[in-house]
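Student: Please read through the structure below; I'll follow up with questions.
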Amino acid sequence: MNFNLDQVMQTFIQEARELLQTMEESLLHLEGAPEDADTIDAVFRAAHTIKGSAGLFGLTPIVSFTHILEDVLDRLRDGAISIDKNLIALLLQSGDHLTELLNVYAIDKGELSSDAQAREIQLRAQLQSYQANQLQPLADTPSLEHDSPNIGVLQDTVTSNLWHISLRFGSDVFRNGMDPISFLRYLNTLGTMMRVTTLFEAMPAETEMDPESCYLGFEIDLDSNADKTAIADVFRFVEDDCLVRILPPHSKITEYIELINALPEDAVRLGEILLNSGALTPSELEQSLQQQRSAAAAQTSLLGDILVAQHLVEPVVVQAALDKQTRVKDQKSKETSYIRVQADKLDQLINLIGELVIASAGASLIARNAQNAALYEATSGVIDLVEEIRDGALRLRMVPIGDTFNRFQRVVRDVSNELGKDIDLQISGADTEVDKTVVEKISDPLMHLLRNSMDHGIESPERRLASGKPARGTLKLNAYHDSGSIVIDIIDDGGGLNRERILQKAIERELISANTSLADQDIYKLIFEPGFSTAEAITNLSGRGVGMDVVKRNITALRGTIDLDSNPGQGTRVSIRLPLTLAIIDGFLVGVGQASYVVPLDMVRECVELNDGERTSARERNYLNLRGEVLPLIFLRSQFNLPENHGRRENVVVVRTAGQTAGLVVDELQGEFQTVIKPLGKLFTSLQGISGSTILGNGAVALILDIPTLVQKIIQQENRSSPPYSAPLAHTG
């Protein structure tokens, strides 16, 4: 048998990271809502689950540290200690240390550095101080509350003071890299297993037995002070594939009746096990049989078989009980199941679908040229299916951006404390979905922008009060969809960008000349120049502008754009616009000369044909009157240095991005086209106006237009030239 322990370990590492993230988010929430019992329970469960899972893998350092953390959280749950700012800070630091322990012992298989060891000693001492200062002792006896429904009216409980665990391992336990005995070993750390009965009833004949399948079952009586959650967590990694039933000490007799019905073995055999182990006494079984009124008739029949086989009651008593009882069916709720998929496998699937899109486009072109109606209809059906597969695969890559946003709650808390500022982070649009690759790569730029806003954007409480603002500053993160893109706004209510200081610094560094006239937006964008900074003093955080060239470069690499807007004394808005996906998009194909270009379909609003008179007027003015509104024009022939188009009709593709509208003047409209985005390569990274390329069905290469860059460029040109818009405009109807 081959145990894939590495895969199981990776599952543990991934789940532990998610639990640590949940713990951090819950602690940050508790800082503002210290009485939220559900959140306190969530923090405790996260730490408890990490400890239990780490114990399965023998990660003793993680178990040891988490044990003392769990003890403090348990006292917090019981009200023995209260939440304050210092405790939250200590618990957050403990979570950070757990992350380090996870990286060192589970991932790197190494040892803690001397600094980390010293940090752990200090954290342990601080945590122990909360243990010593408890207001009331914790109860040593376990809670007897459990999840089993109370079926019937019988209130009598069994005399056994032991936990009873019925465990049936699934057939795939070995294949999943699990060792059933390791679970029993770990269970024994929570107490003492007084009796263990091993069941082989599921074992097939020797000729039919699969050596890679598990057929084991156990009936266990455990003496432990642990609660039911702690015992259940022992089997957390196999709970989906195994049958686990846990009954606390002094459970109701009816719950043992339900247990016998839920297990796959013969009821007489199970009854013998329960009687021999001492979990039930003969009198308890007989009492249950005679007094139970609302339990199922089948249950009574099974218990009757057990009692008769043990010679404890006469068959006539069993029949009398059967005549008085009715059957109750168990109700089981269905849970949504999830499956983890490795990111590289998903990327490979998207790549293959991209090639399928290209191949289907080629087949459609051949069918169209062959003028075979049946062939064309068949290829159209294939293309429709490919589109559905493409959309489904792309949805697999879409993840809510809220997970990334929530990580910044801790950053804002720590940085604001370091700076001596009171800053509130407000998040909206957390459910907005975007490609996972975009989410992964946008985290660092967002981090830099947030830290800059807190360091040099939002003022100190004293300055804010002096200027009539509330002492607490506000930082907003907002995400929303717009024209086939995702827009992320970072907004602060600080002092805003200092226009004059930016301009002075740019002149000093000879980025612009002293007599250059620039719009405010152009001046603000000077902070994206390499090494540009207006900070008067060096701090641990980057000043607004320091490293902003890296931010812009990273966003540009994602085919995105970044814009700035600032009002002195009121704050600054940074808007980042990114594509929803980096793999496949719906495009609109246009022809210019002998070449084809792709316009993202989500940005296309309409198409307008230019007549001869409109062409002449449009070229003179570089804009078009579109139903009474000025539409700046982008002549793609001029943009790409192609000769003038004489004698052929021209069309205008009206596009809209970032709230701005412009028209692309092209030679012909070639229709919608599924576009598989291919990167241009390092040689063309500085190419303006082009965001990528794609392969057409005939094998030709078409360039994908970077519409935001082109529109921004033409808008800036129009603003500089200030055309006489009051002049008569040609009407397009």
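Residues in the structure tokens are named by chain (A, B, ... in the order shown) and by number from 1 within that chain; ligands are numbered from 1 in the order shown.
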For region 109-122 of chain A, please output as a ChimeraX atom specification all residues within 12 Å (counting only C-alpha atoms; exclusion window: fewer than 3 positions along the same chain).

Tutor: /A:9,59,61-62,64-66,68-69,90,93-106,125-129

Student: Please give the complete set of residues from region 311-486 of chain A that DSSP, run on the backbone, assigns to alpha helix (DSSP H), formatted as a VMD selection string.

Tutor: chain A and resid 315 to 324 343 to 370 373 to 397 402 to 419 436 to 452 461 to 466

Student: At a cut-off of 12 Å, can you tabulate as CSV every residue of region 544-620 of chain A near region 525-531 of chain A together with its closest atom pair and the distance in Å to one decimal, using only C-alpha atoms and ordering rows by chain then number?

Tutor:
```
residue,atom,partner,partner_atom,distance
A:Arg544,CA,A:Ile527,CA,7.8
A:Gly545,CA,A:Ile527,CA,4.8
A:Val546,CA,A:Gly531,CA,6.1
A:Gly547,CA,A:Gly531,CA,6.7
A:Met548,CA,A:Phe528,CA,5.0
A:Asp549,CA,A:Phe528,CA,4.5
A:Val550,CA,A:Pro530,CA,7.8
A:Val551,CA,A:Phe528,CA,8.0
A:Lys552,CA,A:Phe528,CA,6.7
A:Arg553,CA,A:Phe528,CA,9.1
A:Asn554,CA,A:Phe528,CA,11.8
A:Ile555,CA,A:Phe528,CA,11.7
A:Thr556,CA,A:Phe528,CA,11.9
A:Thr561,CA,A:Lys525,CA,11.7
A:Ile562,CA,A:Lys525,CA,9.1
A:Asp563,CA,A:Lys525,CA,7.6
A:Leu564,CA,A:Lys525,CA,6.9
A:Asp565,CA,A:Lys525,CA,9.4
A:Ser566,CA,A:Lys525,CA,11.0
A:Val574,CA,A:Lys525,CA,10.7
```

Student: Next, dump the selected residues to file, keeping only N, CA, C and O atoms, as a CSV table (one decimal), in the first residue's frame.

Tutor:
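Once written, result-v7.csv looks like this:
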```csv
chain,number,residue,atom,x,y,z
A,544,ARG,N,4.3,58.7,0.6
A,544,ARG,CA,3.5,58.6,-0.7
A,544,ARG,C,4.4,59.0,-1.9
A,544,ARG,O,5.0,60.1,-1.9
A,545,GLY,N,4.6,58.1,-2.8
A,545,GLY,CA,5.4,58.3,-3.9
A,545,GLY,C,6.6,57.4,-3.9
A,545,GLY,O,7.2,57.0,-4.9
A,546,VAL,N,7.2,57.0,-2.7
A,546,VAL,CA,8.3,56.2,-2.6
A,546,VAL,C,7.9,54.7,-3.0
A,546,VAL,O,7.1,54.1,-2.4
A,547,GLY,N,8.5,54.3,-4.1
A,547,GLY,CA,8.1,52.9,-4.6
A,547,GLY,C,6.9,52.9,-5.4
A,547,GLY,O,6.4,51.8,-5.8
A,548,MET,N,6.3,54.0,-5.7
A,548,MET,CA,5.0,54.0,-6.5
A,548,MET,C,5.3,53.6,-7.9
A,548,MET,O,4.4,53.2,-8.6
A,549,ASP,N,6.5,53.8,-8.4
A,549,ASP,CA,6.8,53.3,-9.7
A,549,ASP,C,6.7,51.8,-9.8
A,549,ASP,O,6.3,51.2,-10.8
A,550,VAL,N,7.1,51.1,-8.7
A,550,VAL,CA,6.9,49.7,-8.6
A,550,VAL,C,5.5,49.3,-8.6
A,550,VAL,O,5.0,48.3,-9.3
A,551,VAL,N,4.6,50.0,-7.9
A,551,VAL,CA,3.2,49.8,-7.9
A,551,VAL,C,2.6,49.9,-9.3
A,551,VAL,O,1.9,49.0,-9.8
A,552,LYS,N,3.0,51.0,-10.0
A,552,LYS,CA,2.5,51.2,-11.3
A,552,LYS,C,3.0,50.1,-12.3
A,552,LYS,O,2.2,49.6,-13.1
A,553,ARG,N,4.2,49.7,-12.1
A,553,ARG,CA,4.8,48.7,-13.0
A,553,ARG,C,4.1,47.3,-12.8
A,553,ARG,O,3.7,46.6,-13.8
A,554,ASN,N,3.8,47.0,-11.6
A,554,ASN,CA,3.1,45.8,-11.3
A,554,ASN,C,1.6,45.8,-11.8
A,554,ASN,O,1.1,44.8,-12.3
A,555,ILE,N,1.0,46.9,-11.7
A,555,ILE,CA,-0.4,47.0,-12.2
A,555,ILE,C,-0.4,47.0,-13.8
A,555,ILE,O,-1.3,46.4,-14.4
A,556,THR,N,0.6,47.7,-14.4
A,556,THR,CA,0.7,47.6,-15.8
A,556,THR,C,0.9,46.2,-16.3
A,556,THR,O,0.4,45.8,-17.4
A,561,THR,N,-4.6,49.8,-15.2
A,561,THR,CA,-4.2,51.3,-15.2
A,561,THR,C,-4.5,51.8,-13.7
A,561,THR,O,-5.2,51.2,-13.0
A,562,ILE,N,-3.8,52.8,-13.4
A,562,ILE,CA,-4.0,53.5,-12.1
A,562,ILE,C,-4.1,55.0,-12.2
A,562,ILE,O,-3.4,55.6,-13.0
A,563,ASP,N,-5.1,55.5,-11.5
A,563,ASP,CA,-5.4,57.0,-11.6
A,563,ASP,C,-5.4,57.6,-10.2
A,563,ASP,O,-5.8,56.9,-9.3
A,564,LEU,N,-5.1,58.8,-10.1
A,564,LEU,CA,-5.1,59.6,-8.9
A,564,LEU,C,-6.0,60.8,-9.0
A,564,LEU,O,-6.2,61.4,-10.0
A,565,ASP,N,-6.7,61.0,-7.9
A,565,ASP,CA,-7.5,62.3,-7.7
A,565,ASP,C,-7.4,62.7,-6.3
A,565,ASP,O,-7.5,61.9,-5.4
A,566,SER,N,-7.2,64.0,-6.1
A,566,SER,CA,-7.0,64.5,-4.7
A,566,SER,C,-7.6,65.9,-4.5
A,566,SER,O,-7.6,66.7,-5.5
A,574,VAL,N,-7.3,56.7,-5.1
A,574,VAL,CA,-6.5,56.0,-6.0
A,574,VAL,C,-7.4,54.9,-6.6
A,574,VAL,O,-8.0,54.1,-5.9
```

Student: Could you work out how far CA of Ile366 (chain A) lies from CA of Ile695 (chain A), giving the answer in Å with one decimal?

Tutor: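 A separation of 15.4 Å between them.
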
Student: Which distance in Å separates CA of Arg390 (chain A) and CA of Ile353 (chain A), to one decimal?

Tutor: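 These atoms are spaced 6.4 Å apart.
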
Student: Give me, as a tab-separated table (two decimals) with all heavy atoms, in the first residue's frame, all polymer residues having an atom no more than 12 Å from Gly663 (chain A), counting only C-alpha atoms and skipping those fewer than 4 positions away in the same chain.

Tutor:
```tsv
chain	number	residue	atom	x	y	z
A	599	VAL	N	-10.87	44.41	-29.99
A	599	VAL	CA	-11.34	45.34	-28.96
A	599	VAL	C	-12.14	44.52	-27.94
A	599	VAL	O	-13.03	43.77	-28.33
A	599	VAL	CB	-12.25	46.43	-29.57
A	599	VAL	CG1	-12.70	47.40	-28.48
A	599	VAL	CG2	-11.53	47.16	-30.68
A	603	MET	N	-16.23	46.63	-23.62
A	603	MET	CA	-16.03	48.07	-23.72
A	603	MET	C	-16.72	48.68	-24.93
A	603	MET	O	-16.76	49.91	-25.06
A	603	MET	CB	-14.53	48.39	-23.78
A	603	MET	CG	-13.77	47.95	-22.55
A	603	MET	SD	-12.03	48.42	-22.63
A	603	MET	CE	-11.41	47.67	-21.11
A	604	VAL	N	-17.23	47.85	-25.83
A	604	VAL	CA	-17.86	48.34	-27.06
A	604	VAL	C	-19.29	48.75	-26.77
A	604	VAL	O	-20.07	47.97	-26.19
A	604	VAL	CB	-17.82	47.27	-28.16
A	604	VAL	CG1	-18.55	47.76	-29.41
A	604	VAL	CG2	-16.37	46.93	-28.50
A	605	ARG	N	-19.68	49.98	-27.16
A	605	ARG	CA	-21.04	50.46	-26.95
A	605	ARG	C	-21.87	50.41	-28.23
A	605	ARG	O	-23.02	50.00	-28.20
A	605	ARG	CB	-21.00	51.90	-26.40
A	605	ARG	CG	-20.48	51.98	-24.97
A	605	ARG	CD	-21.45	51.26	-24.04
A	605	ARG	NE	-20.92	51.14	-22.67
A	605	ARG	CZ	-20.32	50.07	-22.20
A	605	ARG	NH1	-20.16	49.01	-23.00
A	605	ARG	NH2	-19.89	50.01	-20.96
A	606	GLU	N	-21.30	50.82	-29.32
A	606	GLU	CA	-22.02	50.80	-30.59
A	606	GLU	C	-21.04	51.03	-31.72
A	606	GLU	O	-19.86	51.34	-31.49
A	606	GLU	CB	-23.11	51.87	-30.61
A	606	GLU	CG	-22.58	53.30	-30.47
A	606	GLU	CD	-23.68	54.33	-30.54
A	606	GLU	OE1	-24.41	54.32	-31.57
A	606	GLU	OE2	-23.83	55.12	-29.58
A	607	CYS	N	-21.52	50.87	-32.96
A	607	CYS	CA	-20.70	51.12	-34.15
A	607	CYS	C	-21.44	52.11	-35.05
A	607	CYS	O	-22.67	52.02	-35.22
A	607	CYS	CB	-20.43	49.82	-34.91
A	607	CYS	SG	-19.49	48.61	-33.96
A	608	VAL	N	-20.69	53.05	-35.61
A	608	VAL	CA	-21.26	54.09	-36.47
A	608	VAL	C	-20.48	54.13	-37.77
A	608	VAL	O	-19.23	54.10	-37.75
A	608	VAL	CB	-21.20	55.47	-35.78
A	608	VAL	CG1	-21.77	56.55	-36.69
A	608	VAL	CG2	-21.92	55.44	-34.44
A	609	GLU	N	-21.20	54.19	-38.90
A	609	GLU	CA	-20.52	54.28	-40.20
A	609	GLU	C	-20.34	55.75	-40.59
A	609	GLU	O	-21.27	56.56	-40.45
A	609	GLU	CB	-21.34	53.56	-41.28
A	609	GLU	CG	-20.64	53.56	-42.63
A	609	GLU	CD	-21.44	52.82	-43.69
A	609	GLU	OE1	-22.46	52.19	-43.33
A	609	GLU	OE2	-21.05	52.87	-44.87
A	610	LEU	N	-19.15	56.09	-41.05
A	610	LEU	CA	-18.85	57.46	-41.47
A	610	LEU	C	-19.07	57.61	-42.97
A	610	LEU	O	-18.56	56.80	-43.77
A	610	LEU	CB	-17.39	57.81	-41.15
A	610	LEU	CG	-17.01	57.99	-39.67
A	610	LEU	CD1	-15.52	58.31	-39.56
A	610	LEU	CD2	-17.82	59.09	-39.03
A	618	ALA	N	-14.45	64.99	-39.46
A	618	ALA	CA	-13.85	64.31	-38.31
A	618	ALA	C	-12.34	64.45	-38.31
A	618	ALA	O	-11.72	64.66	-37.27
A	618	ALA	CB	-14.25	62.84	-38.32
A	622	ASN	N	-10.87	66.03	-35.21
A	622	ASN	CA	-10.52	64.90	-34.34
A	622	ASN	C	-11.62	64.56	-33.34
A	622	ASN	O	-11.36	63.99	-32.29
A	622	ASN	CB	-9.22	65.17	-33.57
A	622	ASN	CG	-8.01	65.11	-34.48
A	622	ASN	OD1	-7.98	64.35	-35.47
A	622	ASN	ND2	-7.02	65.92	-34.19
A	623	TYR	N	-12.84	64.92	-33.68
A	623	TYR	CA	-13.97	64.51	-32.86
A	623	TYR	C	-15.21	64.44	-33.73
A	623	TYR	O	-15.25	64.91	-34.87
A	623	TYR	CB	-14.19	65.46	-31.67
A	623	TYR	CG	-14.56	66.87	-32.04
A	623	TYR	CD1	-15.89	67.24	-32.24
A	623	TYR	CD2	-13.58	67.85	-32.16
A	623	TYR	CE1	-16.22	68.53	-32.58
A	623	TYR	CE2	-13.90	69.15	-32.49
A	623	TYR	CZ	-15.23	69.48	-32.70
A	623	TYR	OH	-15.56	70.77	-33.04
A	624	LEU	N	-16.24	63.82	-33.16
A	624	LEU	CA	-17.48	63.59	-33.90
A	624	LEU	C	-18.65	64.00	-33.02
A	624	LEU	O	-18.62	63.83	-31.79
A	624	LEU	CB	-17.60	62.10	-34.26
A	624	LEU	CG	-18.78	61.66	-35.13
A	624	LEU	CD1	-18.63	62.22	-36.54
A	624	LEU	CD2	-18.86	60.14	-35.18
A	625	ASN	N	-19.67	64.57	-33.66
A	625	ASN	CA	-20.89	64.90	-32.94
A	625	ASN	C	-21.77	63.65	-32.93
A	625	ASN	O	-22.37	63.29	-33.93
A	625	ASN	CB	-21.61	66.06	-33.62
A	625	ASN	CG	-22.91	66.42	-32.91
A	625	ASN	OD1	-23.27	65.81	-31.92
A	625	ASN	ND2	-23.60	67.41	-33.45
A	626	LEU	N	-21.83	62.99	-31.78
A	626	LEU	CA	-22.63	61.77	-31.66
A	626	LEU	C	-23.90	62.10	-30.87
A	626	LEU	O	-23.89	62.17	-29.64
A	626	LEU	CB	-21.83	60.67	-30.96
A	626	LEU	CG	-22.54	59.31	-30.82
A	626	LEU	CD1	-22.81	58.71	-32.20
A	626	LEU	CD2	-21.71	58.36	-29.98
A	630	VAL	N	-19.93	65.38	-27.79
A	630	VAL	CA	-18.62	65.37	-28.41
A	630	VAL	C	-17.97	64.01	-28.18
A	630	VAL	O	-17.85	63.55	-27.04
A	630	VAL	CB	-17.73	66.49	-27.85
A	630	VAL	CG1	-16.31	66.37	-28.39
A	630	VAL	CG2	-18.33	67.85	-28.20
A	631	LEU	N	-17.57	63.36	-29.27
A	631	LEU	CA	-16.92	62.05	-29.19
A	631	LEU	C	-15.50	62.17	-29.75
A	631	LEU	O	-15.31	62.23	-30.97
A	631	LEU	CB	-17.71	61.01	-29.99
A	631	LEU	CG	-17.15	59.58	-29.97
A	631	LEU	CD1	-17.35	58.95	-28.60
A	631	LEU	CD2	-17.80	58.72	-31.05
A	632	PRO	N	-14.47	62.21	-28.87
A	632	PRO	CA	-13.10	62.23	-29.38
A	632	PRO	C	-12.81	60.98	-30.20
A	632	PRO	O	-13.27	59.89	-29.87
A	632	PRO	CB	-12.25	62.27	-28.09
A	632	PRO	CG	-13.18	62.73	-27.02
A	632	PRO	CD	-14.53	62.23	-27.40
A	633	LEU	N	-12.03	61.15	-31.26
A	633	LEU	CA	-11.75	60.04	-32.17
A	633	LEU	C	-10.29	59.61	-32.09
A	633	LEU	O	-9.38	60.43	-31.92
A	633	LEU	CB	-12.08	60.44	-33.61
A	633	LEU	CG	-13.55	60.76	-33.91
A	633	LEU	CD1	-13.71	61.18	-35.37
A	633	LEU	CD2	-14.45	59.58	-33.58
A	634	ILE	N	-10.08	58.31	-32.22
A	634	ILE	CA	-8.75	57.73	-32.28
A	634	ILE	C	-8.61	57.07	-33.65
A	634	ILE	O	-9.26	56.06	-33.93
A	634	ILE	CB	-8.53	56.69	-31.17
A	634	ILE	CG1	-8.76	57.31	-29.79
A	634	ILE	CG2	-7.13	56.09	-31.25
A	634	ILE	CD1	-8.77	56.30	-28.66
A	635	PHE	N	-7.80	57.65	-34.53
A	635	PHE	CA	-7.60	57.09	-35.86
A	635	PHE	C	-6.51	56.03	-35.78
A	635	PHE	O	-5.32	56.36	-35.64
A	635	PHE	CB	-7.22	58.20	-36.85
A	635	PHE	CG	-8.32	59.19	-37.10
A	635	PHE	CD1	-8.47	60.32	-36.29
A	635	PHE	CD2	-9.23	59.00	-38.13
A	635	PHE	CE1	-9.48	61.23	-36.51
A	635	PHE	CE2	-10.26	59.91	-38.37
A	635	PHE	CZ	-10.38	61.03	-37.55
A	636	LEU	N	-6.91	54.77	-35.84
A	636	LEU	CA	-5.94	53.69	-35.66
A	636	LEU	C	-4.89	53.67	-36.77
A	636	LEU	O	-3.76	53.24	-36.55
A	636	LEU	CB	-6.67	52.34	-35.58
A	636	LEU	CG	-7.52	52.13	-34.32
A	636	LEU	CD1	-8.07	50.71	-34.29
A	636	LEU	CD2	-6.70	52.39	-33.06
A	650	GLU	N	-15.18	54.10	-43.81
A	650	GLU	CA	-14.61	53.94	-42.48
A	650	GLU	C	-15.75	53.85	-41.47
A	650	GLU	O	-16.85	54.34	-41.69
A	650	GLU	CB	-13.68	55.10	-42.12
A	650	GLU	CG	-12.37	55.10	-42.89
A	650	GLU	CD	-11.45	56.22	-42.47
A	650	GLU	OE1	-11.98	57.33	-42.25
A	650	GLU	OE2	-10.24	55.99	-42.37
A	651	ASN	N	-15.45	53.19	-40.34
A	651	ASN	CA	-16.43	53.01	-39.29
A	651	ASN	C	-15.84	53.49	-37.96
A	651	ASN	O	-14.62	53.50	-37.78
A	651	ASN	CB	-16.82	51.53	-39.15
A	651	ASN	CG	-17.46	50.99	-40.42
A	651	ASN	OD1	-18.65	51.10	-40.63
A	651	ASN	ND2	-16.64	50.40	-41.29
A	652	VAL	N	-16.72	53.85	-37.06
A	652	VAL	CA	-16.32	54.26	-35.72
A	652	VAL	C	-16.88	53.26	-34.72
A	652	VAL	O	-18.09	53.01	-34.68
A	652	VAL	CB	-16.83	55.68	-35.38
A	652	VAL	CG1	-16.48	56.04	-33.93
A	652	VAL	CG2	-16.23	56.70	-36.34
A	653	VAL	N	-15.98	52.67	-33.94
A	653	VAL	CA	-16.39	51.78	-32.85
A	653	VAL	C	-16.37	52.61	-31.57
A	653	VAL	O	-15.30	53.06	-31.13
A	653	VAL	CB	-15.43	50.57	-32.72
A	653	VAL	CG1	-15.87	49.67	-31.56
A	653	VAL	CG2	-15.39	49.79	-34.02
A	654	VAL	N	-17.53	52.84	-30.99
A	654	VAL	CA	-17.64	53.66	-29.79
A	654	VAL	C	-17.32	52.78	-28.58
A	654	VAL	O	-17.97	51.75	-28.35
A	654	VAL	CB	-19.05	54.26	-29.65
A	654	VAL	CG1	-19.14	55.13	-28.39
A	654	VAL	CG2	-19.40	55.08	-30.89
A	655	VAL	N	-16.31	53.17	-27.83
A	655	VAL	CA	-15.88	52.40	-26.65
A	655	VAL	C	-15.99	53.29	-25.42
A	655	VAL	O	-15.90	54.52	-25.51
A	655	VAL	CB	-14.43	51.89	-26.81
A	655	VAL	CG1	-14.34	50.88	-27.94
A	655	VAL	CG2	-13.46	53.04	-27.04
A	656	ARG	N	-16.14	52.64	-24.27
A	656	ARG	CA	-16.24	53.38	-23.02
A	656	ARG	C	-15.43	52.66	-21.96
A	656	ARG	O	-15.53	51.45	-21.79
A	656	ARG	CB	-17.70	53.50	-22.56
A	656	ARG	CG	-17.88	54.34	-21.29
A	656	ARG	CD	-19.34	54.57	-20.98
A	656	ARG	NE	-19.53	55.36	-19.77
A	656	ARG	CZ	-19.45	56.67	-19.70
A	656	ARG	NH1	-19.18	57.36	-20.80
A	656	ARG	NH2	-19.64	57.32	-18.58
A	657	THR	N	-14.61	53.42	-21.23
A	657	THR	CA	-13.82	52.87	-20.15
A	657	THR	C	-13.56	53.96	-19.12
A	657	THR	O	-13.32	55.12	-19.48
A	657	THR	CB	-12.48	52.30	-20.67
A	657	THR	OG1	-11.69	51.85	-19.58
A	657	THR	CG2	-11.70	53.35	-21.43
A	707	ILE	N	-7.47	49.54	-24.67
A	707	ILE	CA	-8.43	50.63	-24.80
A	707	ILE	C	-8.24	51.70	-23.73
A	707	ILE	O	-8.23	52.91	-24.04
A	707	ILE	CB	-9.87	50.09	-24.81
A	707	ILE	CG1	-10.07	49.15	-26.00
A	707	ILE	CG2	-10.86	51.24	-24.87
A	707	ILE	CD1	-9.82	49.79	-27.35
A	710	LEU	N	-5.32	53.96	-24.75
A	710	LEU	CA	-5.61	54.75	-25.94
A	710	LEU	C	-6.59	55.88	-25.63
A	710	LEU	O	-6.41	57.02	-26.08
A	710	LEU	CB	-6.19	53.85	-27.05
A	710	LEU	CG	-5.22	52.84	-27.68
A	710	LEU	CD1	-5.96	51.92	-28.65
A	710	LEU	CD2	-4.09	53.56	-28.41
A	711	VAL	N	-7.64	55.57	-24.86
A	711	VAL	CA	-8.64	56.59	-24.53
A	711	VAL	C	-8.02	57.68	-23.66
A	711	VAL	O	-8.26	58.87	-23.88
A	711	VAL	CB	-9.85	55.94	-23.84
A	711	VAL	CG1	-10.80	57.02	-23.30
A	711	VAL	CG2	-10.59	55.03	-24.81
A	714	ILE	N	-5.91	60.03	-25.83
A	714	ILE	CA	-6.63	60.97	-26.68
A	714	ILE	C	-7.32	62.04	-25.84
A	714	ILE	O	-7.40	63.21	-26.23
A	714	ILE	CB	-7.66	60.23	-27.58
A	714	ILE	CG1	-8.21	61.18	-28.65
A	714	ILE	CG2	-8.78	59.64	-26.78
A	714	ILE	CD1	-7.19	61.66	-29.64
A	715	ILE	N	-7.80	61.67	-24.63
A	715	ILE	CA	-8.44	62.65	-23.75
A	715	ILE	C	-7.43	63.71	-23.31
A	715	ILE	O	-7.72	64.91	-23.28
A	715	ILE	CB	-9.07	61.96	-22.53
A	715	ILE	CG1	-10.22	61.04	-22.96
A	715	ILE	CG2	-9.54	62.97	-21.51
A	715	ILE	CD1	-11.38	61.76	-23.60
```

Student: What is the distance between CA of Val590 (chain A) and CA of Met398 (chain A), in Å to one decimal?

Tutor: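 For CA of Val590 (chain A) relative to CA of Met398 (chain A), the distance reads 28.8 Å.
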
Student: When DSSP works through the backbone of this structure, what residues of region 446-557 of chain A end up as strand (DSSP E or B), shown as a PyMOL selection string?

Tutor: chain A and resi 473-482+485-492

Student: Extract, using only C-alpha atoms, all DNA, RNA and protein residues at most 12 Å from Ala363 (chain A), discarding same-chain residues fewer than 2 positions from it, and format them as a PyMOL selection string.

Tutor: chain A and resi 356-361+365-370+375-383+696-699

Student: Between A:Phe237, A:Phe12, A:Tyr480, A:Tyr524, which one has atoms that come closest to Ile107 (chain A), using only C-alpha atoms?

Tutor: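 Of all the options, A:Phe12 lies closest to Ile107 (chain A).
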
Student: Residues at most 9 Å from Ser82 (chain A), counting only C-alpha atoms, excluding those fewer than 6 positions away in the same chain, as a JSON list (two decimals) with N, CA, C and O atoms, in the first residue's frame?

Tutor:
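Written output follows (part.json):
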```
[["chain", "number", "residue", "atom", "x", "y", "z"],
["A", 34, "PRO", "N", -16.31, 43.00, 21.91],
["A", 34, "PRO", "CA", -15.73, 42.03, 22.86],
["A", 34, "PRO", "C", -16.75, 41.07, 23.47],
["A", 34, "PRO", "O", -16.36, 40.06, 24.05],
["A", 75, "ARG", "N", -10.53, 29.96, 28.92],
["A", 75, "ARG", "CA", -10.89, 30.82, 30.04],
["A", 75, "ARG", "C", -11.64, 32.07, 29.55],
["A", 75, "ARG", "O", -12.52, 32.59, 30.23],
["A", 76, "LEU", "N", -11.27, 32.51, 28.36],
["A", 76, "LEU", "CA", -11.97, 33.65, 27.77],
["A", 76, "LEU", "C", -13.42, 33.27, 27.46],
["A", 76, "LEU", "O", -14.34, 34.06, 27.69]]
```

Student: Which residue, A:Ile585, A:Leu30, A:Val196, A:Leu20, has the smallest gap to Leu167 (chain A) when you use only C-alpha atoms?

Tutor: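 Closest to Leu167 (chain A), using only C-alpha atoms: A:Val196.
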
Student: Please identify all polymer residues within 12 Å of Glu24 (chain A), counting only C-alpha atoms, omitting same-chain residues fewer than 4 positions from it, and present them as a PyMOL selection string.

Tutor: chain A and resi 17-20+28-31+39-40+42-44+46-47+88-96+98-99+406-411+413
